[in-house]
$ cat protein08.tsv   # TSV, C-alpha atoms and all ligand atoms
chain	number	residue	atom	x	y	z
L	1465	MET	CA	-16.57	191.32	-115.77
L	1466	ARG	CA	-15.25	187.78	-116.30
L	1467	GLY	CA	-15.34	185.73	-119.55
L	1468	ALA	CA	-18.27	184.07	-121.31
L	1469	ALA	CA	-21.42	182.46	-119.96
L	1470	LEU	CA	-21.00	179.10	-118.19
L	1471	LYS	CA	-23.09	176.39	-119.83
L	1472	SER	CA	-21.67	173.01	-118.82
L	1473	ILE	CA	-20.36	171.00	-115.89
L	1474	SER	CA	-16.79	171.51	-117.12
L	1475	ASP	CA	-17.37	175.30	-117.26
L	1476	LEU	CA	-18.54	175.19	-113.63
L	1477	GLU	CA	-15.54	173.10	-112.60
L	1478	ALA	CA	-13.15	175.51	-114.33
L	1479	ALA	CA	-14.79	178.43	-112.48
L	1480	HIS	CA	-14.42	176.49	-109.17
L	1481	LEU	CA	-18.16	176.62	-108.59
L	1482	ILE	CA	-18.32	172.84	-108.24
L	1483	ALA	CA	-15.58	170.33	-107.45
L	1484	VAL	CA	-14.30	167.93	-110.10
L	1485	GLY	CA	-16.11	164.63	-109.51
L	1486	ASP	CA	-19.22	166.18	-107.95
L	1487	SER	CA	-21.28	163.75	-110.07
L	1488	LEU	CA	-23.65	166.38	-111.41
L	1489	ALA	CA	-23.75	165.00	-114.96
L	1490	PRO	CA	-27.21	163.41	-114.39
L	1491	VAL	CA	-28.55	166.83	-113.35
L	1492	ALA	CA	-27.05	168.47	-116.45
L	1493	GLU	CA	-28.66	165.80	-118.64
L	1494	LYS	CA	-32.12	166.73	-117.31
L	1495	TYR	CA	-31.91	170.49	-116.84
L	1496	ALA	CA	-30.06	173.22	-118.72
L	1497	ILE	CA	-27.18	175.15	-117.15
L	1498	GLY	CA	-26.54	178.87	-117.71
L	1499	ILE	CA	-24.68	181.48	-115.67
L	1500	THR	CA	-23.94	184.84	-117.28
L	1501	PRO	CA	-20.75	186.84	-116.57
L	1502	ALA	CA	-22.84	189.40	-114.66
L	1503	MET	CA	-24.12	186.73	-112.27
L	1504	LEU	CA	-20.72	185.05	-112.03
L	1505	ASP	CA	-19.33	188.39	-110.91
L	1506	LEU	CA	-21.79	188.44	-108.00
L	1507	ILE	CA	-20.95	184.95	-106.72
L	1508	ASP	CA	-18.56	184.54	-103.81
L	1509	PRO	CA	-17.06	181.09	-104.56
L	1510	SER	CA	-15.65	180.88	-101.03
L	1511	ASP	CA	-19.18	181.00	-99.55
L	1512	PRO	CA	-20.84	177.56	-99.70
L	1513	GLU	CA	-24.16	179.25	-98.91
L	1514	ASP	CA	-23.86	182.04	-101.48
L	1515	PRO	CA	-27.44	183.07	-102.40
L	1516	ILE	CA	-26.57	183.90	-106.00
L	1517	ALA	CA	-24.72	180.61	-106.59
L	1518	ARG	CA	-27.62	178.72	-105.03
L	1519	GLN	CA	-29.95	180.04	-107.74
L	1520	PHE	CA	-27.79	178.99	-110.69
L	1521	VAL	CA	-25.28	176.26	-109.73
L	1522	PRO	CA	-26.79	172.78	-110.11
L	1523	SER	CA	-27.04	170.49	-107.12
L	1524	ALA	CA	-27.60	166.77	-106.61
L	1525	ALA	CA	-30.79	167.71	-104.71
L	1526	GLU	CA	-32.40	168.35	-108.13
L	1527	LEU	CA	-32.50	164.60	-108.71
L	1528	VAL	CA	-34.89	164.19	-105.78
L	1529	THR	CA	-38.50	164.55	-106.84
L	1530	THR	CA	-41.54	164.38	-104.57
L	1531	PRO	CA	-44.98	162.93	-105.42
L	1532	GLU	CA	-46.68	166.35	-105.57
L	1533	GLU	CA	-44.18	167.80	-108.06
L	1534	ARG	CA	-45.16	167.98	-111.71
L	1535	ALA	CA	-43.66	168.85	-115.09
L	1536	ASP	CA	-46.23	171.61	-115.72
L	1537	PRO	CA	-46.75	172.93	-112.17
L	1538	ILE	CA	-48.94	175.92	-113.02
L	1539	GLY	CA	-50.98	174.15	-115.72
L	1540	ASP	CA	-49.89	176.14	-118.78
L	1541	LEU	CA	-50.67	173.29	-121.12
L	1542	THR	CA	-54.29	172.98	-119.99
L	1543	HIS	CA	-54.96	176.54	-121.17
L	1544	SER	CA	-53.04	176.58	-124.45
L	1545	PRO	CA	-55.42	176.90	-127.40
L	1546	VAL	CA	-52.58	177.34	-129.92
L	1547	GLU	CA	-48.83	176.85	-129.68
L	1548	GLY	CA	-47.21	179.69	-127.72
L	1549	ILE	CA	-50.45	181.06	-126.19
L	1550	VAL	CA	-51.72	180.46	-122.64
L	1551	HIS	CA	-55.22	181.90	-122.15
L	1552	ARG	CA	-56.00	181.38	-118.46
L	1553	TYR	CA	-57.91	184.60	-117.64
L	1554	PRO	CA	-60.38	186.30	-119.98
L	1555	ASP	CA	-58.63	189.65	-120.47
L	1556	ARG	CA	-55.02	188.55	-120.93
L	1557	VAL	CA	-52.84	185.92	-122.56
L	1558	LEU	CA	-49.28	184.73	-122.22
L	1559	LEU	CA	-47.32	184.78	-125.46
L	1560	LYS	CA	-44.38	182.41	-125.12
L	1561	ALA	CA	-42.29	183.19	-128.18
L	1562	VAL	CA	-39.08	181.58	-126.98
L	1563	HIS	CA	-38.04	178.94	-124.43
L	1564	VAL	CA	-34.41	179.98	-124.06
L	1565	CYS	CA	-32.96	182.01	-121.17
L	1566	PRO	CA	-29.60	183.70	-120.54
L	1567	VAL	CA	-29.45	181.92	-117.17
L	1568	TYR	CA	-31.12	178.73	-116.02
L	1569	CYS	CA	-32.55	179.10	-112.54
L	1570	ARG	CA	-32.41	175.86	-110.57
L	1571	PHE	CA	-35.92	176.49	-109.17
L	1572	CYS	CA	-37.51	177.35	-112.54
L	1573	PHE	CA	-41.24	176.60	-112.74
L	1574	ARG	CA	-40.91	175.87	-116.46
L	1575	ARG	CA	-37.68	173.89	-116.18
L	1576	GLU	CA	-39.09	171.01	-118.21
L	1577	MET	CA	-39.92	173.41	-121.08
L	1578	VAL	CA	-36.90	175.76	-121.24
L	1579	GLY	CA	-33.33	175.25	-122.44
L	1580	PRO	CA	-31.72	173.78	-125.53
L	1581	GLN	CA	-33.90	170.65	-125.21
L	1582	GLY	CA	-37.03	172.61	-124.32
L	1583	LEU	CA	-39.96	173.76	-126.42
L	1584	GLY	CA	-37.77	176.00	-128.63
L	1585	THR	CA	-38.76	179.21	-130.39
L	1586	LEU	CA	-42.05	179.72	-132.22
L	1587	THR	CA	-41.74	179.21	-135.95
L	1588	PRO	CA	-42.98	182.05	-138.20
L	1589	ALA	CA	-46.16	180.03	-138.87
L	1590	GLU	CA	-46.72	179.44	-135.14
L	1591	LEU	CA	-46.19	183.15	-134.43
L	1592	ASP	CA	-48.71	183.94	-137.18
L	1593	ALA	CA	-51.24	181.59	-135.55
L	1594	ALA	CA	-50.57	183.00	-132.06
L	1595	THR	CA	-51.04	186.62	-133.16
L	1596	ALA	CA	-54.13	185.63	-135.18
L	1597	TYR	CA	-55.58	184.12	-131.98
L	1598	ILE	CA	-54.99	187.40	-130.13
L	1599	ALA	CA	-56.51	189.40	-132.99
L	1600	ASP	CA	-59.57	187.12	-133.05
L	1601	HIS	CA	-60.30	187.53	-129.31
L	1602	ASP	CA	-61.32	191.09	-128.64
L	1603	GLU	CA	-61.56	190.45	-124.88
L	1604	ILE	CA	-57.74	190.30	-124.76
L	1605	TRP	CA	-56.63	193.62	-123.25
L	1606	GLU	CA	-53.11	192.59	-122.21
L	1607	VAL	CA	-50.43	190.40	-123.80
L	1608	ILE	CA	-47.73	189.09	-121.49
L	1609	LEU	CA	-44.51	188.06	-123.23
L	1610	THR	CA	-42.80	185.38	-121.19
L	1611	GLY	CA	-41.04	182.15	-121.97
L	1612	GLY	CA	-38.17	181.41	-121.48
L	1613	ASP	CA	-36.98	184.97	-121.47
L	1614	PRO	CA	-38.37	187.13	-124.30
L	1615	LEU	CA	-35.46	189.57	-124.07
L	1616	VAL	CA	-33.06	186.96	-125.46
L	1617	LEU	CA	-34.67	187.82	-128.80
L	1618	SER	CA	-32.90	190.45	-130.87
L	1619	PRO	CA	-34.36	193.96	-130.96
L	1620	ARG	CA	-35.24	193.29	-134.61
L	1621	ARG	CA	-37.37	190.27	-133.71
L	1622	LEU	CA	-38.95	191.97	-130.72
L	1623	ARG	CA	-39.79	194.98	-132.87
L	1624	ALA	CA	-41.50	192.66	-135.35
L	1625	ILE	CA	-43.66	191.16	-132.58
L	1626	MET	CA	-44.52	194.59	-131.20
L	1627	GLU	CA	-45.47	195.82	-134.68
L	1628	ARG	CA	-47.93	192.95	-134.99
L	1629	LEU	CA	-49.44	193.76	-131.58
L	1630	ALA	CA	-49.60	197.45	-132.51
L	1631	GLY	CA	-52.02	196.47	-135.25
L	1632	ILE	CA	-54.49	194.85	-132.81
L	1633	ALA	CA	-56.67	197.67	-131.48
L	1634	HIS	CA	-58.13	195.85	-128.44
L	1635	VAL	CA	-54.67	195.09	-127.01
L	1636	LYS	CA	-53.80	198.07	-124.83
L	1637	VAL	CA	-50.98	196.77	-122.62
L	1638	VAL	CA	-47.94	194.62	-123.40
L	1639	ARG	CA	-46.02	193.20	-120.47
L	1640	PHE	CA	-42.61	191.52	-120.57
L	1641	HIS	CA	-41.47	189.12	-117.86
L	1642	THR	CA	-37.69	188.97	-117.92
L	1643	ARG	CA	-34.50	188.40	-115.99
L	1644	VAL	CA	-32.31	190.09	-118.65
L	1645	PRO	CA	-32.00	193.57	-117.05
L	1646	VAL	CA	-30.44	191.85	-114.02
L	1647	VAL	CA	-28.53	188.91	-115.47
L	1648	GLU	CA	-27.37	190.40	-118.78
L	1649	PRO	CA	-27.80	194.17	-118.34
L	1650	GLU	CA	-25.61	195.02	-121.31
L	1651	ARG	CA	-28.47	193.90	-123.59
L	1652	ILE	CA	-30.58	196.84	-122.39
L	1653	ASP	CA	-29.29	199.36	-124.91
L	1654	ALA	CA	-31.14	202.07	-126.83
L	1655	ASP	CA	-32.08	199.65	-129.62
L	1656	MET	CA	-33.61	197.17	-127.17
L	1657	VAL	CA	-35.53	199.85	-125.28
L	1658	ALA	CA	-37.00	201.21	-128.51
L	1659	ALA	CA	-37.97	197.69	-129.62
L	1660	LEU	CA	-40.09	197.18	-126.49
L	1661	ARG	CA	-42.42	200.05	-127.36
L	1662	ALA	CA	-45.35	199.87	-129.75
L	1663	SER	CA	-47.49	202.64	-131.08
L	1664	GLY	CA	-50.65	203.08	-128.99
L	1665	LYS	CA	-49.66	200.48	-126.36
L	1666	THR	CA	-48.34	200.84	-122.85
L	1667	THR	CA	-45.35	198.62	-122.06
L	1668	TYR	CA	-44.79	197.15	-118.61
L	1669	LEU	CA	-41.70	195.13	-117.78
L	1670	ALA	CA	-41.61	192.78	-114.78
L	1671	VAL	CA	-38.01	192.51	-113.55
L	1672	HIS	CA	-37.26	189.11	-111.99
L	1673	ALA	CA	-34.74	189.39	-109.13
L	1674	ASN	CA	-34.55	187.42	-105.89
L	1675	HIS	CA	-31.69	188.89	-103.88
L	1676	PRO	CA	-30.69	192.53	-103.32
L	1677	ARG	CA	-27.18	191.85	-104.65
L	1678	GLU	CA	-28.74	191.28	-108.08
L	1679	LEU	CA	-29.57	195.00	-108.25
L	1680	SER	CA	-26.01	195.81	-109.33
L	1681	ALA	CA	-24.75	199.12	-110.71
L	1682	ALA	CA	-25.04	197.77	-114.26
L	1683	ALA	CA	-28.58	196.53	-113.63
L	1684	ARG	CA	-29.54	199.93	-112.16
L	1685	ALA	CA	-28.21	201.70	-115.25
L	1686	GLY	CA	-30.39	199.41	-117.41
L	1687	PHE	CA	-33.47	200.19	-115.29
L	1688	ASP	CA	-32.79	203.90	-115.83
L	1689	ARG	CA	-32.62	203.40	-119.61
L	1690	LEU	CA	-35.89	201.46	-119.62
L	1691	ILE	CA	-37.69	204.08	-117.54
L	1692	ALA	CA	-36.27	206.93	-119.65
L	1693	GLY	CA	-37.65	205.05	-122.66
L	1694	GLY	CA	-41.18	205.22	-121.24
L	1695	ILE	CA	-41.44	201.65	-119.90
L	1696	VAL	CA	-43.11	201.03	-116.55
L	1697	LEU	CA	-41.17	198.66	-114.27
L	1698	ILE	CA	-42.69	196.23	-111.78
L	1699	SER	CA	-40.98	193.41	-109.88
L	1700	GLN	CA	-41.36	189.70	-109.48
L	1701	SER	CA	-39.44	187.49	-107.09
L	1702	VAL	CA	-39.67	183.90	-105.92
L	1703	LEU	CA	-39.54	183.16	-102.21
L	1704	LEU	CA	-36.63	180.71	-102.02
L	1705	ARG	CA	-35.16	178.75	-99.14
L	1706	GLY	CA	-31.52	179.75	-98.65
L	1707	VAL	CA	-31.79	182.78	-100.96
L	1708	ASN	CA	-34.29	185.27	-99.55
L	1709	ASP	CA	-36.30	183.45	-96.84
L	1710	ASP	CA	-35.50	185.99	-94.12
L	1711	VAL	CA	-37.07	189.36	-93.49
L	1712	GLU	CA	-33.84	191.38	-93.74
L	1713	THR	CA	-33.08	190.08	-97.24
L	1714	LEU	CA	-36.65	190.51	-98.46
L	1715	ALA	CA	-36.82	194.02	-97.02
L	1716	ALA	CA	-33.56	195.01	-98.72
L	1717	LEU	CA	-34.77	193.52	-102.01
L	1718	MET	CA	-38.14	195.31	-101.96
L	1719	ARG	CA	-36.57	198.60	-100.90
L	1720	GLY	CA	-34.00	198.16	-103.67
L	1721	PHE	CA	-36.82	197.82	-106.19
L	1722	VAL	CA	-38.57	200.96	-104.95
L	1723	GLU	CA	-35.32	202.96	-104.88
L	1724	ASN	CA	-34.94	202.03	-108.56
L	1725	ARG	CA	-38.51	203.04	-109.44
L	1726	ILE	CA	-39.62	199.41	-109.76
L	1727	ARG	CA	-43.01	198.86	-108.13
L	1728	PRO	CA	-42.98	195.62	-106.07
L	1729	TYR	CA	-45.56	193.33	-107.62
L	1730	TYR	CA	-45.34	189.57	-107.10
L	1731	LEU	CA	-43.59	187.49	-104.47
L	1732	HIS	CA	-44.22	183.98	-105.76
L	1733	HIS	CA	-44.57	181.00	-103.50
L	1734	PRO	CA	-42.23	178.47	-105.14
L	1735	ASP	CA	-44.01	176.17	-107.59
L	1736	LEU	CA	-44.05	172.38	-107.50
L	1737	ALA	CA	-41.47	171.98	-110.27
L	1738	PRO	CA	-39.54	168.70	-110.31
L	1739	GLY	CA	-36.42	168.56	-108.17
L	1740	THR	CA	-37.00	171.90	-106.44
L	1741	GLY	CA	-38.06	170.75	-102.97
L	1742	HIS	CA	-34.83	172.11	-101.44
L	1743	PHE	CA	-35.99	175.64	-102.39
L	1744	ARG	CA	-39.51	175.43	-100.99
L	1745	VAL	CA	-40.63	177.15	-97.82
L	1746	ASN	CA	-44.06	176.32	-96.48
L	1747	ILE	CA	-46.97	178.73	-96.76
L	1748	GLU	CA	-47.02	179.51	-93.02
L	1749	GLU	CA	-43.37	180.57	-93.19
L	1750	GLY	CA	-44.13	182.73	-96.22
L	1751	GLN	CA	-47.10	184.36	-94.53
L	1752	ALA	CA	-45.02	185.12	-91.43
L	1753	LEU	CA	-42.38	186.75	-93.62
L	1754	VAL	CA	-44.81	188.98	-95.51
L	1755	ALA	CA	-46.51	189.91	-92.23
L	1756	ALA	CA	-43.12	190.91	-90.80
L	1757	LEU	CA	-42.46	193.00	-93.92
L	1758	ARG	CA	-45.64	194.97	-93.28
L	1759	GLY	CA	-44.37	196.19	-89.98
L	1760	ARG	CA	-40.89	196.90	-91.19
L	1761	ILE	CA	-41.00	198.64	-94.57
L	1762	SER	CA	-43.00	201.26	-96.41
L	1763	GLY	CA	-46.31	200.45	-98.05
L	1764	LEU	CA	-44.66	201.31	-101.35
L	1765	ALA	CA	-42.37	198.31	-100.91
L	1766	GLN	CA	-44.97	195.59	-100.17
L	1767	PRO	CA	-45.22	192.76	-102.71
L	1768	THR	CA	-48.30	190.58	-103.17
L	1769	TYR	CA	-47.53	187.05	-101.97
L	1770	VAL	CA	-49.09	184.71	-104.53
L	1771	LEU	CA	-49.53	181.02	-105.11
L	1772	ASP	CA	-50.10	179.68	-108.60
L	1773	ILE	CA	-52.67	177.04	-107.74
L	1774	PRO	CA	-51.49	173.74	-109.24
L	1775	GLY	CA	-53.58	172.51	-112.14
L	1776	GLY	CA	-53.90	175.84	-113.92
L	1777	HIS	CA	-56.37	177.45	-111.51
L	1778	GLY	CA	-54.52	180.77	-111.55
L	1779	LYS	CA	-53.01	182.89	-108.81
L	1780	ALA	CA	-54.27	183.35	-105.26
L	1781	ASP	CA	-53.14	186.08	-102.87
L	1782	ILE	CA	-52.00	183.97	-99.93
L	1783	GLY	CA	-50.70	186.86	-97.87
L	1784	ALA	CA	-54.31	187.84	-97.22
L	1785	ALA	CA	-54.62	185.43	-94.29
L	1786	SER	CA	-54.29	188.55	-92.12
L	1787	ILE	CA	-58.08	188.81	-92.40
L	1788	VAL	CA	-60.47	185.92	-91.76
L	1789	GLY	CA	-64.21	185.86	-91.16
L	1790	SER	CA	-67.67	186.07	-92.73
L	1791	ASP	CA	-71.07	187.76	-92.46
L	1792	GLY	CA	-69.48	191.18	-92.26
L	1793	CYS	CA	-67.47	190.37	-89.13
L	1794	PHE	CA	-63.77	189.77	-89.46
L	1795	THR	CA	-60.75	189.06	-87.39
L	1796	VAL	CA	-57.83	191.12	-88.63
L	1797	ARG	CA	-54.35	189.96	-87.70
L	1798	ASP	CA	-51.74	192.70	-87.34
L	1799	TRP	CA	-48.09	192.33	-88.28
L	1800	GLN	CA	-47.18	191.24	-84.74
L	1801	GLY	CA	-49.80	188.50	-84.65
L	1802	GLY	CA	-52.34	190.42	-82.52
L	1803	GLU	CA	-55.97	189.74	-83.46
L	1804	HIS	CA	-58.60	192.46	-83.76
L	1805	THR	CA	-62.32	192.25	-84.45
L	1806	TYR	CA	-63.59	194.42	-87.29
L	1807	PRO	CA	-65.91	196.29	-87.04
L	1808	PRO	CA	-64.75	196.82	-83.42
L	1809	VAL	CA	-67.27	195.94	-80.68
I	1901	LIG	S1	-35.23	183.11	-116.31
I	1901	LIG	FE1	-37.35	182.49	-115.81
I	1901	LIG	S2	-37.94	180.99	-117.38
I	1901	LIG	FE2	-35.68	181.20	-117.44
I	1901	LIG	S3	-34.86	179.62	-116.10
I	1901	LIG	FE3	-35.09	181.45	-114.81
I	1901	LIG	S4	-37.18	181.26	-113.92
I	1901	LIG	FE4	-37.06	179.83	-115.67

$ encode --input "protein08.tsv" --output "C-alpha cells"
Amino acid sequence: MRGAALKSISDLEAAHLIAVGDSLAPVAEKYAIGITPAMLDLIDPSDPEDPIARQFVPSAAELVTTPEERADPIGDLTHSPVEGIVHRYPDRVLLKAVHVCPVYCRFCFRREMVGPQGLGTLTPAELDAATAYIADHDEIWEVILTGGDPLVLSPRRLRAIMERLAGIAHVKVVRFHTRVPVVEPERIDADMVAALRASGKTTYLAVHANHPRELSAAARAGFDRLIAGGIVLISQSVLLRGVNDDVETLAALMRGFVENRIRPYYLHHPDLAPGTGHFRVNIEEGQALVAALRGRISGLAQPTYVLDIPGGHGKADIGAASIVGSDGCFTVRDWQGGEHTYPPV
C-alpha cells in the first residue's frame, strides 16, 4: 500500500492524478479532498475514465451548479430538533456525531457540511443534549450513526457513545453508515469491532461501496471481522454516471456484497448536491438498470432503488414503477418491459 492519505491539490499532482496547472484550486477551496492509501491503490492513473478516481479526484465540473441543486439536498436541517439529531421518521433518528470522513466523495450529498470546514464534531455538551433527546423520545427504536463517517472516531469514543445508548431501554437497534471498511479497512480491528457493540442492542452496519473493485481483499477481511463480532452487514451504494451506471458493474457489485454476507439494501438515486450534475443519471435510466438487474441476478442480490425526496420528505422506492394501477387492477411490467394485467383476465 502506498504512502499517506492525499488531502490537497499538490498531493494529487504528486500522485499524477491531476496535471500541474489543472486549475482545480477553486474546487479545493469549496470542497474537501481526501483519498486514502487503500483507494489510491485501486486507481489506475493511466485510465482517464477510472471509476475509483472519478469518485475521489476533484474535477472542474464541480464548479457548475444547476438551479435545482441545493446545499441541504435531503432536508436534514428541516428535521433537526437539536444539534446532531435528524428526526425525520417517528421510530428512528440520525445521530451525526462527526462531519469528518477518511475520503471525500465528489458526489457527496452532505458535501456542504463535511470536511475540515464543515459542521465539525459534536461537543460533549451537544452529545449530552443529543442523547438526552433520544432518551426523552420513547418512540425512537433505532439510532443511525452517520455523518461524516462515524468510524473515523476512535474505538474509545465510539464505545462511550454506545454505552450511552445501551442505557436507553427503548433503543433496540443501532445502525452505522460508513465507508471505512472499504476505504480504510485497517481501522476494522478487534478494538473497533468490540466498540460497535452495546449490551442489549443489535448493531447493523451499512457498508458504502459503489464499484466492485472496492471490495478488495483487505475490505473482505474487515467484513469477516465485523460479522464474526456479531454485527449485521447491509449495503448502500449511489448510482453514479461513469462509475456504476451499467448493468454489468451493478450486478458484480451486488453479487460481491452477497458473496461477502452483506445484504444489498439501498441503491440511492444521486441527490441534488451542488456541483454533482456530472454524476447524475435520470430516473428512467435508473429504473431500466434495476429492472435489468432483476432478470440477471439472484433475488438475494437486489437492492432497493430509492430517491431521497428533496425538501426532507424522506425516501421513496422508485424502482417500484414495475407495477402501476388502481382499484385492485394493476399492470405489472416484467424485467424485459413486457406488460401483464394482474389479476389476469
Ligand atoms: S463518506 Fe459519505 S459523508 Fe463522507 S464524503 Fe463520502 S458520501 Fe459524503

$ residues_around --input "protein08.tsv" --residues "Arg1639 (chain L)" --least-positions-apart "2" --cutoff "12 Å" --atoms "all atoms listed in the file" --output "compact mmCIF listing (two decimals) with C-alpha atoms, keeping the file's coordinate frame"
# COMPACT_ATOMS: atom_id res chain seq x y z
CA ARG L 1556 -55.02 188.55 -120.93
CA VAL L 1557 -52.84 185.92 -122.56
CA LEU L 1558 -49.28 184.73 -122.22
CA LEU L 1559 -47.32 184.78 -125.46
CA LYS L 1560 -44.38 182.41 -125.12
CA TRP L 1605 -56.63 193.62 -123.25
CA GLU L 1606 -53.11 192.59 -122.21
CA VAL L 1607 -50.43 190.40 -123.80
CA ILE L 1608 -47.73 189.09 -121.49
CA LEU L 1609 -44.51 188.06 -123.23
CA THR L 1610 -42.80 185.38 -121.19
CA PRO L 1614 -38.37 187.13 -124.30
CA LEU L 1615 -35.46 189.57 -124.07
CA MET L 1626 -44.52 194.59 -131.20
CA LEU L 1629 -49.44 193.76 -131.58
CA VAL L 1635 -54.67 195.09 -127.01
CA LYS L 1636 -53.80 198.07 -124.83
CA VAL L 1637 -50.98 196.77 -122.62
CA HIS L 1641 -41.47 189.12 -117.86
CA THR L 1642 -37.69 188.97 -117.92
CA LEU L 1660 -40.09 197.18 -126.49
CA ARG L 1661 -42.42 200.05 -127.36
CA ALA L 1662 -45.35 199.87 -129.75
CA LYS L 1665 -49.66 200.48 -126.36
CA THR L 1666 -48.34 200.84 -122.85
CA THR L 1667 -45.35 198.62 -122.06
CA TYR L 1668 -44.79 197.15 -118.61
CA LEU L 1669 -41.70 195.13 -117.78
CA ALA L 1670 -41.61 192.78 -114.78
CA VAL L 1671 -38.01 192.51 -113.55
CA ILE L 1695 -41.44 201.65 -119.90
CA VAL L 1696 -43.11 201.03 -116.55
CA LEU L 1697 -41.17 198.66 -114.27
CA ILE L 1698 -42.69 196.23 -111.78
CA SER L 1699 -40.98 193.41 -109.88

$ residues_around --input "protein08.tsv" --residues "Asp1688 (chain L)" --least-positions-apart "3" --cutoff "12 Å" --atoms "only C-alpha atoms" --output "list of chain:residue names"
L:Pro1645, L:Pro1649, L:Ile1652, L:Asp1653, L:Ala1654, L:Val1657, L:Ala1681, L:Ala1682, L:Ala1683, L:Arg1684, L:Ala1685, L:Ile1691, L:Ala1692, L:Gly1693, L:Gly1694, L:Ile1695, L:Val1696, L:Leu1697, L:Glu1723, L:Asn1724, L:Arg1725, L:Ile1726

$ closest_residue --input "protein08.tsv" --among "L:Leu1481, L:Ala1737, L:Val1644, L:Val1546" --to "Arg1575 (chain L)" --atoms "all atoms listed in the file"
L:Ala1737

$ residues_around --input "protein08.tsv" --residues "region 1746-1762 of chain L" --least-positions-apart "5" --cutoff "7 Å" --atoms "only C-alpha atoms" --output "PyMOL selection string"
chain L and resi 1710-1711+1715+1783+1799

$ residues_around --input "protein08.tsv" --residues "region 1567-1574 of chain L" --least-positions-apart "5" --cutoff "7 Å" --atoms "only C-alpha atoms" --output "PDB file with C-alpha atoms, keeping the file's coordinate frame"
ATOM      1  CA  ALA L1496     -30.060 173.220-118.720  1.00  0.00           C
ATOM      2  CA  ILE L1497     -27.180 175.150-117.150  1.00  0.00           C
ATOM      3  CA  GLY L1498     -26.540 178.870-117.710  1.00  0.00           C
ATOM      4  CA  ILE L1499     -24.680 181.480-115.670  1.00  0.00           C
ATOM      5  CA  THR L1500     -23.940 184.840-117.280  1.00  0.00           C
ATOM      6  CA  GLN L1519     -29.950 180.040-107.740  1.00  0.00           C
ATOM      7  CA  PHE L1520     -27.790 178.990-110.690  1.00  0.00           C
ATOM      8  CA  PRO L1522     -26.790 172.780-110.110  1.00  0.00           C
ATOM      9  CA  ASP L1536     -46.230 171.610-115.720  1.00  0.00           C
ATOM     10  CA  PRO L1537     -46.750 172.930-112.170  1.00  0.00           C
ATOM     11  CA  ASP L1735     -44.010 176.170-107.590  1.00  0.00           C
ATOM     12  CA  ALA L1737     -41.470 171.980-110.270  1.00  0.00           C
ATOM     13  CA  THR L1740     -37.000 171.900-106.440  1.00  0.00           C
ATOM     14  CA  PHE L1743     -35.990 175.640-102.390  1.00  0.00           C
TER      15      PHE L1743
END

$ closest_residue --input "protein08.tsv" --among "L:Thr1542, L:Asn1674, L:Thr1587, L:Ser1474" --to "ligand LIG 1901 (chain I)" --atoms "all atoms listed in the file"
L:Asn1674

$ residues_near_point --input "protein08.tsv" --point "(-30.0, 167.8, -119.9)" --cutoff "12 Å" --atoms "all atoms listed in the file" --output "CSV table (one decimal) with C-alpha atoms, keeping the file's coordinate frame"
chain,number,residue,atom,x,y,z
L,1471,LYS,CA,-23.1,176.4,-119.8
L,1472,SER,CA,-21.7,173.0,-118.8
L,1473,ILE,CA,-20.4,171.0,-115.9
L,1488,LEU,CA,-23.6,166.4,-111.4
L,1489,ALA,CA,-23.8,165.0,-115.0
L,1490,PRO,CA,-27.2,163.4,-114.4
L,1491,VAL,CA,-28.6,166.8,-113.4
L,1492,ALA,CA,-27.0,168.5,-116.4
L,1493,GLU,CA,-28.7,165.8,-118.6
L,1494,LYS,CA,-32.1,166.7,-117.3
L,1495,TYR,CA,-31.9,170.5,-116.8
L,1496,ALA,CA,-30.1,173.2,-118.7
L,1497,ILE,CA,-27.2,175.2,-117.2
L,1498,GLY,CA,-26.5,178.9,-117.7
L,1522,PRO,CA,-26.8,172.8,-110.1
L,1527,LEU,CA,-32.5,164.6,-108.7
L,1568,TYR,CA,-31.1,178.7,-116.0
L,1575,ARG,CA,-37.7,173.9,-116.2
L,1576,GLU,CA,-39.1,171.0,-118.2
L,1577,MET,CA,-39.9,173.4,-121.1
L,1578,VAL,CA,-36.9,175.8,-121.2
L,1579,GLY,CA,-33.3,175.2,-122.4
L,1580,PRO,CA,-31.7,173.8,-125.5
L,1581,GLN,CA,-33.9,170.6,-125.2
L,1582,GLY,CA,-37.0,172.6,-124.3

$ atom_distance --input "protein08.tsv" --atom1 "CA of Ala1659 (chain L)" --atom2 "CA of Arg1719 (chain L)"
28.8 Å

$ closest_residue --input "protein08.tsv" --among "L:Ser1487, L:Thr1595, L:Ser1701, L:Ser1663" --to "ligand LIG 1901 (chain I)" --atoms "only C-alpha atoms and all ligand atoms"
L:Ser1701

$ axis_aligned_box --input "protein08.tsv" --around "ligand LIG 1901 (chain I)" --padding-each-side "8 Å" --output "lines of an AutoDock Vina configuration file"
center_x = -36.4
center_y = 181.4
center_z = -115.7
size_x = 19.1
size_y = 19.5
size_z = 19.5

$ closest_residue --input "protein08.tsv" --among "L:Gly1467, L:Pro1728, L:Gly1612, L:Pro1588" --to "ligand LIG 1901 (chain I)" --atoms "all atoms listed in the file"
L:Gly1612

$ residues_near_point --input "protein08.tsv" --point "(-42.2, 186.3, -110.8)" --cutoff "7 Å" --atoms "all atoms listed in the file" --output "PyMOL selection string"
chain L and resi 1672+1700-1702+1730-1732

$ write_last_selection --input "protein08.tsv" --atoms "C-alpha atoms" --output "PDB file, in the frame of the given file"
ATOM      1  CA  HIS L1672     -37.260 189.110-111.990  1.00  0.00           C
ATOM      2  CA  GLN L1700     -41.360 189.700-109.480  1.00  0.00           C
ATOM      3  CA  SER L1701     -39.440 187.490-107.090  1.00  0.00           C
ATOM      4  CA  VAL L1702     -39.670 183.900-105.920  1.00  0.00           C
ATOM      5  CA  TYR L1730     -45.340 189.570-107.100  1.00  0.00           C
ATOM      6  CA  LEU L1731     -43.590 187.490-104.470  1.00  0.00           C
ATOM      7  CA  HIS L1732     -44.220 183.980-105.760  1.00  0.00           C
TER       8      HIS L1732
END

$ decode --input "protein08.tsv" --residues "region 1542-1550 of chain L" --atoms "C-alpha atoms" --output "CSV table (one decimal), in the first residue's frame"
chain,number,residue,atom,x,y,z
L,1542,THR,CA,-35.6,20.9,8.5
L,1543,HIS,CA,-35.8,17.9,10.8
L,1544,SER,CA,-33.1,18.7,13.3
L,1545,PRO,CA,-34.6,19.4,16.8
L,1546,VAL,CA,-31.1,19.6,18.4
L,1547,GLU,CA,-27.6,19.8,17.1
L,1548,GLY,CA,-26.5,16.4,15.7
L,1549,ILE,CA,-30.0,14.8,15.6
L,1550,VAL,CA,-32.2,14.4,12.5
